[in-house]
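Structure file upload_8.cif with mmCIF, C-alpha atoms:
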```cif
data_data
#
loop_
_atom_site.label_atom_id
_atom_site.label_comp_id
_atom_site.auth_asym_id
_atom_site.auth_seq_id
_atom_site.Cartn_x
_atom_site.Cartn_y
_atom_site.Cartn_z
CA MET A 215 0.00 0.00 0.00
CA SER A 216 1.31 3.44 -0.97
CA HIS A 217 2.61 5.76 1.74
CA ILE A 218 0.83 8.66 0.05
CA ILE A 219 -2.54 9.31 1.70
CA GLU A 220 -4.70 12.34 1.02
CA GLU A 221 -4.81 14.62 4.06
CA VAL A 222 -7.70 16.99 4.77
CA GLY A 223 -7.33 19.73 7.37
CA PHE A 224 -10.19 21.06 9.48
CA GLU A 225 -10.56 23.71 12.16
CA GLY A 226 -11.25 22.83 15.77
CA LEU A 227 -10.74 19.64 17.73
CA LYS A 228 -14.13 18.02 17.27
CA PRO A 229 -15.30 15.39 16.67
CA ALA A 230 -11.67 14.38 17.37
CA PRO A 231 -8.23 15.91 16.70
CA GLY A 232 -7.96 13.45 13.81
CA TYR A 233 -9.78 10.53 12.22
CA THR A 234 -10.01 8.59 8.94
CA ASP A 235 -12.54 7.18 6.50
CA TYR A 236 -9.88 4.67 5.33
CA ARG A 237 -9.46 6.55 2.06
CA ARG A 238 -8.09 9.80 3.44
CA ILE A 239 -7.11 11.21 6.83
CA TYR A 240 -8.51 14.27 8.59
CA VAL A 241 -6.18 16.20 10.90
CA SER A 242 -7.03 19.35 12.86
CA THR A 243 -5.14 22.44 11.75
CA ASP A 244 -5.27 23.66 15.38
CA LEU A 245 -2.80 21.01 16.54
CA PRO A 246 0.82 22.04 17.21
CA LYS A 247 3.27 20.76 14.62
CA ASP A 248 4.52 17.76 16.60
CA GLN A 249 1.04 16.68 17.63
CA ALA A 250 -0.27 17.12 14.09
CA ALA A 251 2.52 14.86 12.81
CA LEU A 252 1.69 12.22 15.41
CA MET A 253 -2.03 12.34 14.60
CA LYS A 254 -1.16 12.03 10.93
CA LYS A 255 0.92 8.95 11.75
CA HIS A 256 -1.80 7.46 13.95
CA THR A 257 -4.62 7.86 11.42
CA SER A 258 -2.39 6.73 8.55
CA CYS A 259 -1.55 3.57 10.50
CA HIS A 260 -5.24 2.69 10.69
CA ILE A 261 -5.19 2.62 6.88
CA TRP A 262 -1.79 0.97 6.39
CA LEU A 263 -2.65 -1.73 8.93
CA LEU A 264 -6.04 -2.41 7.30
CA HIS A 265 -7.94 -2.06 10.55
CA ASN A 266 -11.23 -1.77 8.66
CA THR A 267 -10.95 -5.14 6.92
CA ARG A 268 -9.32 -6.97 9.84
CA LYS A 269 -12.23 -6.36 12.21
CA PRO A 270 -13.79 -9.66 13.34
CA ALA A 271 -17.36 -10.40 12.31
CA ASN A 272 -19.94 -8.96 14.74
CA ALA A 273 -17.15 -7.37 16.77
CA CYS A 274 -17.84 -4.93 19.57
CA GLU A 275 -16.93 -1.61 17.93
CA LYS A 276 -15.65 -0.06 21.16
CA MET A 277 -13.36 -3.00 21.98
CA TRP A 278 -12.05 -3.19 18.40
CA ASP A 279 -11.23 0.52 18.46
CA ILE A 280 -9.24 0.04 21.66
CA ALA A 281 -7.49 -3.03 20.23
CA THR A 282 -6.38 -1.20 17.08
CA ASP A 283 -5.10 1.78 19.07
CA VAL A 284 -3.19 -0.57 21.35
CA GLU A 285 -1.64 -2.30 18.33
CA ILE A 286 -0.47 1.08 16.98
CA ALA A 287 0.89 2.14 20.38
CA ILE A 288 2.84 -1.08 20.90
CA ASN A 289 4.24 -1.41 17.38
CA MET A 290 4.51 2.11 15.98
CA TYR A 291 5.18 4.83 18.58
CA ASP A 292 8.67 5.80 19.68
CA ASP A 293 9.52 7.39 23.04
CA LEU A 294 9.51 10.94 21.66
CA GLU A 295 6.02 10.50 20.26
CA GLU A 296 4.72 9.08 23.52
CA ARG A 297 6.15 12.05 25.40
CA ALA A 298 4.29 14.39 23.03
CA ILE A 299 1.05 12.66 24.03
CA ASP A 300 1.83 12.84 27.74
CA LYS A 301 2.82 16.52 27.77
CA PRO A 302 0.69 18.77 30.01
CA ARG A 303 -2.20 20.35 28.08
CA SER A 304 -1.52 18.15 25.07
CA PHE A 305 -4.48 18.05 22.67
CA LEU A 306 -3.77 14.34 22.29
CA GLY A 307 -3.98 13.62 25.99
CA GLY A 308 -5.77 10.35 26.58
CA MET A 309 -4.50 8.69 23.42
CA ILE A 310 -3.45 5.13 24.25
CA THR A 311 0.30 4.67 24.73
CA LYS A 312 2.52 1.88 26.06
CA ARG A 313 2.19 3.54 29.48
CA THR A 314 -1.62 3.47 29.44
CA LEU A 315 -2.32 -0.01 28.04
CA PRO A 316 -5.26 -1.89 29.56
CA ARG A 317 -4.13 -3.22 32.93
CA GLY A 318 -2.99 -6.82 32.84
CA LEU A 319 -2.63 -7.05 29.05
CA PRO A 320 -0.17 -9.90 28.36
CA SER A 321 3.07 -8.59 26.85
CA HIS A 322 3.13 -11.21 24.11
CA LEU A 323 -0.08 -9.89 22.52
CA LEU A 324 0.99 -7.64 19.64
CA TYR A 325 -1.78 -7.86 17.06
CA ALA A 326 -5.22 -6.26 17.21
CA GLU A 327 -7.05 -9.58 16.73
CA ASP A 328 -5.33 -11.20 19.72
CA ILE A 329 -5.64 -8.04 21.80
CA TYR A 330 -9.36 -7.84 21.00
CA ASP A 331 -9.95 -11.45 22.03
CA TRP A 332 -8.27 -10.80 25.38
CA LEU A 333 -10.13 -7.51 25.96
CA ILE A 334 -13.54 -9.00 25.23
CA SER A 335 -12.88 -11.99 27.49
CA ARG A 336 -12.26 -9.92 30.61
CA PRO A 337 -14.94 -9.21 33.24
CA ARG A 338 -17.17 -6.19 32.65
CA GLU A 339 -15.71 -4.48 35.71
CA GLU A 340 -12.27 -4.51 34.06
CA GLN A 341 -13.65 -3.44 30.68
CA ALA A 342 -15.19 -0.35 32.25
CA ASN A 343 -11.68 0.82 33.24
CA TYR A 344 -10.07 0.35 29.81
CA PRO A 345 -8.55 3.49 28.24
CA LYS A 346 -10.74 4.96 25.50
CA SER A 347 -9.88 5.31 21.84
CA LEU A 348 -9.44 8.99 20.96
CA ASP A 349 -10.63 8.67 17.37
CA GLY A 350 -12.16 5.21 17.07
CA GLU A 351 -15.85 6.02 17.02
CA HIS A 352 -15.25 8.71 14.37
CA ASN A 353 -13.33 6.45 11.94
CA LYS A 354 -15.84 5.53 9.27
CA ASP A 355 -15.08 2.88 6.67
CA GLU A 356 -16.02 4.12 3.20
CA SER A 357 -13.65 1.81 1.36
CA GLY A 358 -13.25 -1.93 1.34
CA GLY A 359 -10.53 -4.48 0.79
CA THR A 360 -9.32 -7.99 1.39
CA LYS A 361 -8.97 -9.37 4.90
CA PRO A 362 -5.27 -10.18 5.50
CA THR A 363 -4.06 -13.41 7.08
CA LEU A 364 -2.38 -13.41 10.47
CA GLU A 365 0.89 -14.20 8.72
CA ASP A 366 0.62 -10.95 6.77
CA ILE A 367 0.10 -8.67 9.78
CA ASP A 368 3.79 -8.57 10.72
CA LYS A 369 4.55 -7.54 7.13
CA LEU A 370 1.89 -4.83 7.36
CA ILE A 371 3.54 -3.42 10.48
CA SER A 372 6.97 -3.43 8.85
CA LYS A 373 5.54 -1.75 5.77
CA ALA A 374 3.80 0.86 7.93
CA HIS A 375 7.19 1.79 9.43
CA GLU A 376 8.64 2.12 5.92
CA ASN A 377 5.69 4.22 4.82
CA TRP A 378 6.08 6.62 7.74
CA GLU A 379 9.78 7.06 7.01
CA GLU A 380 8.86 7.92 3.42
CA VAL A 381 6.27 10.43 4.67
CA LYS A 382 8.87 12.13 6.87
CA LYS A 383 11.35 12.14 4.00
CA ASP A 384 8.82 13.77 1.69
CA ALA A 385 8.04 16.39 4.34
CA ALA A 386 11.73 17.22 4.78
CA GLN A 387 12.28 17.55 1.05
CA GLY A 388 9.18 19.71 0.70
CA GLU A 389 10.25 22.31 3.24
CA THR A 390 11.47 25.64 1.89
CA SER A 391 13.02 28.70 3.47
CA SER A 392 10.78 30.82 5.71
CA GLN A 393 10.88 33.61 3.13
CA ASN A 394 9.70 31.36 0.33
CA LYS A 395 7.00 29.95 2.58
CA LYS A 396 5.78 33.45 3.31
CA GLN A 397 5.75 34.34 -0.38
CA MET A 398 3.85 31.18 -1.24
CA GLN A 399 1.33 31.88 1.51
CA ASN A 400 0.86 35.44 0.27
CA ILE A 401 0.23 34.18 -3.25
CA LYS A 402 -2.24 31.63 -1.94
CA GLU A 403 -4.08 34.22 0.17
CA LYS A 404 -4.27 36.63 -2.75
CA ALA A 405 -5.61 33.89 -4.99
CA ILE A 406 -8.24 32.98 -2.38
CA GLU A 407 -9.12 36.63 -1.91
CA HIS A 408 -9.42 37.12 -5.67
CA ARG A 409 -11.71 34.11 -6.04
CA LYS A 410 -13.73 35.17 -3.04
CA HIS A 411 -14.29 38.72 -4.22
CA SER A 412 -14.22 38.34 -7.98
CA LEU A 413 -17.92 39.26 -8.13
CA HIS A 414 -17.18 42.44 -6.22
CA GLY A 415 -14.10 43.12 -8.36
CA ALA A 416 -16.18 42.82 -11.52
CA LEU A 417 -18.89 45.00 -10.00
CA GLU A 418 -16.41 47.72 -9.02
CA ALA A 419 -15.02 47.78 -12.56
CA ALA A 420 -18.49 47.83 -14.11
CA ILE A 421 -19.66 50.64 -11.80
CA GLN A 422 -16.65 52.78 -12.62
CA ALA A 423 -17.15 52.17 -16.33
CA SER A 424 -20.85 53.07 -16.06
CA TYR A 425 -20.43 56.51 -14.55
CA VAL A 426 -21.83 59.08 -16.99
CA ILE A 427 -20.41 62.58 -16.97
CA TRP A 428 -23.06 65.22 -17.31
CA ARG A 429 -21.73 68.51 -18.65
CA LYS A 430 -23.83 71.50 -17.75
CA LYS A 431 -23.49 75.27 -17.62
CA SER A 432 -22.60 76.75 -14.28
CA PHE A 433 -22.25 80.30 -13.04
CA ARG A 434 -19.97 79.26 -10.23
CA ARG A 435 -16.56 80.77 -10.31
CA ALA A 436 -13.77 78.29 -10.64
CA SER A 437 -11.28 78.09 -7.78
CA ARG A 438 -7.78 79.29 -8.38
CA ARG A 439 -6.71 75.86 -7.30
CA GLU A 440 -7.37 72.91 -9.52
CA ASN A 441 -11.01 71.93 -9.06
CA LYS A 442 -12.09 68.56 -10.34
CA ASP A 443 -15.71 69.77 -10.50
CA PHE A 444 -14.87 72.15 -13.35
CA ILE A 445 -13.97 70.90 -16.82
CA GLN A 446 -13.53 74.46 -17.97
CA LYS A 447 -14.79 77.83 -16.82
CA GLY A 448 -18.60 77.83 -16.69
CA ILE A 449 -18.92 74.04 -17.21
CA THR A 450 -19.37 71.51 -14.38
CA LYS A 451 -19.52 67.74 -14.39
CA ASP A 452 -21.54 65.36 -12.27
CA HIS A 453 -22.01 61.61 -11.94
CA LYS A 454 -25.27 59.84 -12.72
CA GLN A 455 -26.29 57.27 -10.12
CA VAL A 456 -25.65 53.78 -11.45
CA ARG A 457 -28.57 51.36 -11.41
CA ILE A 458 -28.10 47.65 -10.73
CA ILE A 459 -30.85 45.06 -11.10
CA VAL A 460 -30.31 41.67 -9.55
CA TYR A 461 -32.25 38.78 -11.10
CA CYS A 462 -32.36 35.69 -8.90
CA ASP A 463 -33.38 32.27 -10.18
CA ARG A 464 -36.23 30.68 -8.22
CA SER A 465 -37.04 27.86 -10.65
CA GLY A 466 -37.66 24.26 -9.65
CA SER A 467 -33.97 23.35 -10.05
CA PHE A 468 -33.13 25.63 -7.13
CA ASN A 469 -33.17 23.36 -4.10
CA GLU A 470 -32.86 24.60 -0.51
CA GLU A 471 -29.06 24.73 -0.63
CA LYS A 472 -28.95 26.72 -3.88
CA THR A 473 -31.67 29.07 -2.65
CA ARG A 474 -29.73 29.73 0.55
CA ALA A 475 -26.51 30.43 -1.40
CA ALA A 476 -28.30 32.76 -3.83
CA THR A 477 -29.97 34.67 -1.00
CA GLN A 478 -26.59 35.14 0.65
CA LYS A 479 -25.18 36.56 -2.61
CA ILE A 480 -28.01 39.08 -2.79
CA ALA A 481 -27.41 40.13 0.81
CA GLU A 482 -23.69 40.64 0.12
CA ILE A 483 -24.36 42.78 -2.95
CA CYS A 484 -26.96 44.96 -1.22
CA GLN A 485 -24.89 45.40 1.92
CA LYS A 486 -21.78 46.47 0.02
CA TYR A 487 -23.25 48.71 -2.71
CA ARG A 488 -26.72 49.95 -1.77
CA ALA A 489 -25.38 53.14 -0.19
CA ASN A 490 -23.71 54.22 -3.45
CA VAL A 491 -25.86 52.82 -6.26
CA LYS A 492 -29.52 52.06 -6.88
CA ILE A 493 -30.18 48.33 -6.52
CA ASP A 494 -33.40 46.53 -7.38
CA VAL A 495 -33.93 42.82 -6.82
CA LEU A 496 -36.24 40.70 -8.98
CA PHE A 497 -36.85 36.96 -9.11
CA PHE A 498 -37.73 34.70 -11.96
CA ASN A 499 -38.93 31.21 -12.76
CA ALA A 500 -41.57 30.90 -15.47
CA GLN A 501 -42.08 34.68 -15.12
CA ILE A 502 -40.57 37.75 -13.52
CA LEU A 503 -41.50 38.14 -9.84
CA ASP A 504 -41.32 41.24 -7.64
CA ILE A 505 -41.67 39.23 -4.46
CA ASP A 506 -39.32 36.44 -3.41
CA PRO A 507 -41.19 33.08 -3.37
CA GLU A 508 -38.37 31.87 -1.08
CA GLN A 509 -38.28 28.46 -2.75
CA GLY A 510 -37.64 27.00 -6.16
CA GLN A 511 -40.69 26.22 -8.26
CA GLY A 512 -41.69 26.11 -11.92
CA GLU A 513 -39.68 26.40 -15.12
CA THR A 514 -36.69 28.61 -15.90
CA ASN A 515 -37.71 31.36 -18.31
CA TYR A 516 -34.40 32.93 -19.27
CA LYS A 517 -36.05 34.83 -22.13
CA ALA A 518 -38.27 36.66 -19.65
CA ALA A 519 -35.17 37.63 -17.67
CA ARG A 520 -33.37 38.76 -20.83
CA ASP A 521 -36.37 40.80 -22.05
CA ASN A 522 -36.75 42.44 -18.65
CA ILE A 523 -33.09 43.44 -18.70
CA ALA A 524 -33.53 44.91 -22.17
CA HIS A 525 -36.68 46.77 -21.10
CA ASN A 526 -35.23 48.29 -17.92
CA ASN A 527 -31.77 48.75 -19.45
CA PRO A 528 -29.83 49.09 -16.17
CA GLU A 529 -26.15 49.90 -16.29
CA ILE A 530 -25.47 46.51 -14.68
CA ALA A 531 -27.60 43.36 -14.49
CA ILE A 532 -26.60 40.57 -12.12
CA VAL A 533 -28.19 37.19 -12.83
CA ILE A 534 -27.89 34.52 -10.15
CA THR A 535 -28.70 31.12 -11.66
CA ASP A 536 -27.56 27.52 -12.20
CA ASP A 537 -26.90 25.39 -15.30
CA ASP A 538 -30.44 24.98 -16.63
CA GLY A 539 -30.64 24.75 -20.43
CA CYS A 540 -31.08 28.02 -22.30
CA GLU A 541 -32.29 28.96 -25.77
CA GLU A 542 -30.52 31.44 -28.03
CA LEU A 543 -30.89 34.99 -26.66
CA ALA A 544 -30.22 38.38 -28.17
CA VAL A 545 -27.46 40.40 -26.54
CA VAL A 546 -28.55 43.36 -24.38
CA ASP A 547 -26.92 46.76 -23.90
CA ALA A 548 -26.52 46.34 -20.15
CA LYS A 549 -23.41 44.84 -18.61
CA VAL A 550 -24.52 41.35 -17.51
CA LEU A 551 -22.71 39.57 -14.67
CA VAL A 552 -23.77 35.96 -14.14
CA VAL A 553 -23.21 34.30 -10.75
CA PRO A 554 -23.26 30.47 -11.07
CA ILE A 555 -24.81 28.63 -8.14
CA GLY A 556 -24.07 24.91 -7.73
CA THR A 557 -22.07 24.86 -10.96
CA LYS A 558 -18.99 26.40 -12.58
CA LYS A 559 -20.58 27.27 -15.93
CA THR A 560 -24.03 28.45 -17.00
CA PHE A 561 -25.73 28.14 -20.35
CA PHE A 562 -27.35 31.55 -19.81
CA ALA A 563 -24.02 33.42 -19.68
CA SER A 564 -22.81 31.82 -22.92
CA LYS A 565 -26.09 32.58 -24.71
CA ILE A 566 -26.43 36.22 -23.66
CA GLY A 567 -22.73 37.10 -23.70
CA GLY A 568 -22.55 37.66 -19.96
CA GLN A 569 -19.48 37.51 -17.72
CA GLU A 570 -19.42 34.71 -15.16
CA VAL A 571 -18.19 35.76 -11.74
CA PHE A 572 -17.97 33.94 -8.42
#
```
As structure tokens, how would this structure be written, given the file I've shared?
Amino acid sequence: MSHIIEEVGFEGLKPAPGYTDYRRIYVSTDLPKDQAALMKKHTSCHIWLLHNTRKPANACEKMWDIATDVEIAINMYDDLEERAIDKPRSFLGGMITKRTLPRGLPSHLLYAEDIYDWLISRPREEQANYPKSLDGEHNKDESGGTKPTLEDIDKLISKAHENWEEVKKDAAQGETSSQNKKQMQNIKEKAIEHRKHSLHGALEAAIQASYVIWRKKSFRRASRRENKDFIQKGITKDHKQVRIIVYCDRSGSFNEEKTRAATQKIAEICQKYRANVKIDVLFFNAQILDIDPEQGQGETNYKAARDNIAHNNPEIAIVITDDDGCEELAVVDAKVLVVPIGTKKTFFASKIGGQEVF
């Protein structure tokens, strides 16, 4: 089995600092570096050691989770890693180590199957005092595989050690200087920021491009200093208020999740721009609606949306929709920004010549 396992980070320490679905591992980004590495090793070992396919038929889930954690502790942890678990205020406190094995566990039991058989055979009073698995109940098996023989388990453990050494080697080779790391992080943050605000970036550009200069006679005397309000003596300029109309899809293809995402987009637009521009919000399914039906229903009449844009002729039209099919549409004079919901591309944008933004 390859040492390369997809890792997914998440914020917080719940449901556990780390867990696995036996296809990938999930490790909290809030863990210190040494504890994150240990949790990565622990969850990876569940996969490398095939703990999902080795589980006995009709096994007690709780006892099997303890048995697999004990197998990892006995066969995989070194002293430095165990000290990281035992440190005061460690986020991994309570993880099973060689020091916290179930009391009385025979030293010759090294494999999860044998450990499980011993655990399940003990009196209930003893079982109640067993250490708990930190991640066991959160490890969900979404994969499958072949059940290994007992003779293969020792090879699995040896291979797990090799895999972890390869993981550490890859990590060492992948490290760069602190300056390069900072530059890479800045690039990443800018890229995320750009993707996050690309709708607003497009709106800002469209608003600036839509300002109309009105030239009119004025009897005001120009200042001796440069005055931007005067083009020349006796002539002033002013800005026309830009009008934006938001068209939000409320057709039957808009489920609850899409409707919630679209409503959030409308709120963001209104909150950011309503003080400076005129914003109207309309909805459409089979027809144009002034009032939000608050749920998807009916067909998607893109022609009605297009004709309404042409009729009102706003400086900017924002259409929030998904990837429903669309007939050929005539281009309108307004700048059309299309916000895809639940998809990366829309047929409407390609048919009307709109700009897709996210």
Could you tell me, as a list in words, exactly which residues end up selected when the PyMOL selection byres ((chain A and resi 495) around 6) is applied to this structure?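 Residues picked by the PyMOL selection byres ((chain A and resi 495) around 6): Ile459, Val460, Asp494 and Leu496 of chain A.
Comparing the minimum interatomic distances between Leu417 of chain A and each of A:Leu252, A:Leu551, A:Leu294, A:Ile288, counting all atoms listed in the file, we find that A:Leu551 sits nearest.
When atom CA of Asn515 of chain A is paired with atom CA of Asn499 of chain A, their separation reads 5.7 Å.
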Could you give me, as a PyMOL selection string, the residues that sit within 9 Å of (0.9, -3.9, 20.3) in the file's coordinates, counting all atoms listed in the file? chain A and resi 281-290+312+321-326+329
Could you write those residues out with C-alpha atoms, as a compact mmCIF listing (two decimals), in the coordinates of the input?
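Below is the file that was written, out_16.txt:
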```txt
# COMPACT_ATOMS: atom_id res chain seq x y z
CA ALA A 281 -7.49 -3.03 20.23
CA THR A 282 -6.38 -1.20 17.08
CA ASP A 283 -5.10 1.78 19.07
CA VAL A 284 -3.19 -0.57 21.35
CA GLU A 285 -1.64 -2.30 18.33
CA ILE A 286 -0.47 1.08 16.98
CA ALA A 287 0.89 2.14 20.38
CA ILE A 288 2.84 -1.08 20.90
CA ASN A 289 4.24 -1.41 17.38
CA MET A 290 4.51 2.11 15.98
CA LYS A 312 2.52 1.88 26.06
CA SER A 321 3.07 -8.59 26.85
CA HIS A 322 3.13 -11.21 24.11
CA LEU A 323 -0.08 -9.89 22.52
CA LEU A 324 0.99 -7.64 19.64
CA TYR A 325 -1.78 -7.86 17.06
CA ALA A 326 -5.22 -6.26 17.21
CA ILE A 329 -5.64 -8.04 21.80
```
Around (-10.8, -6.4, 11.1) in the file's frame, which residues reach within 9 Å when counting only C-alpha atoms? Return as a short mmCIF file (atom, residue, chain, number, x, y, z; two decimals) with C-alpha atoms, keeping the file's coordinate frame?
```cif
data_model
loop_
_atom_site.label_atom_id
_atom_site.label_comp_id
_atom_site.auth_asym_id
_atom_site.auth_seq_id
_atom_site.Cartn_x
_atom_site.Cartn_y
_atom_site.Cartn_z
CA LEU A 264 -6.04 -2.41 7.30
CA HIS A 265 -7.94 -2.06 10.55
CA ASN A 266 -11.23 -1.77 8.66
CA THR A 267 -10.95 -5.14 6.92
CA ARG A 268 -9.32 -6.97 9.84
CA LYS A 269 -12.23 -6.36 12.21
CA PRO A 270 -13.79 -9.66 13.34
CA ALA A 271 -17.36 -10.40 12.31
CA ALA A 273 -17.15 -7.37 16.77
CA TRP A 278 -12.05 -3.19 18.40
CA ALA A 326 -5.22 -6.26 17.21
CA GLU A 327 -7.05 -9.58 16.73
CA LYS A 361 -8.97 -9.37 4.90
CA PRO A 362 -5.27 -10.18 5.50
#
```
I need the residue nearest Ile555 of chain A from this list: A:Ile280, A:Glu513, A:Cys462, A:Ala342. Use all atoms listed in the file for the distance.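 Looking only at the distances to Ile555 of chain A, the closest residue turns out to be A:Cys462.
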Could you check which of A:Val553, A:Val546, A:Leu503, A:Cys484 is closest to Val533 of chain A, using all atoms listed in the file?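 Ranked by minimum distance to Val533 of chain A, first place goes to A:Val553.
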Give me the residues near segment 371-387 of chain A as an NGL selection string, where near means some atom within 6 Å (using all atoms listed in the file) and where sequence neighbours in that chain fewer than 2 positions away do not count. :A and (217 or 262 or 368-369 or 389)
Go ahead and compute the interatomic distance for atom CA of Val552 of chain A and atom CA of Ile523 of chain A, in Å to one decimal.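 About the pair atom CA of Val552 of chain A and atom CA of Ile523 of chain A: they are 12.8 Å apart.
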On this structure, which residues satisfy the PyMOL selection byres ((chain A and resi 333) around 10), written as an NGL selection string? :A and (277-278 or 280-281 or 316 or 318-319 or 327-332 or 334-338 or 340-341 or 344)
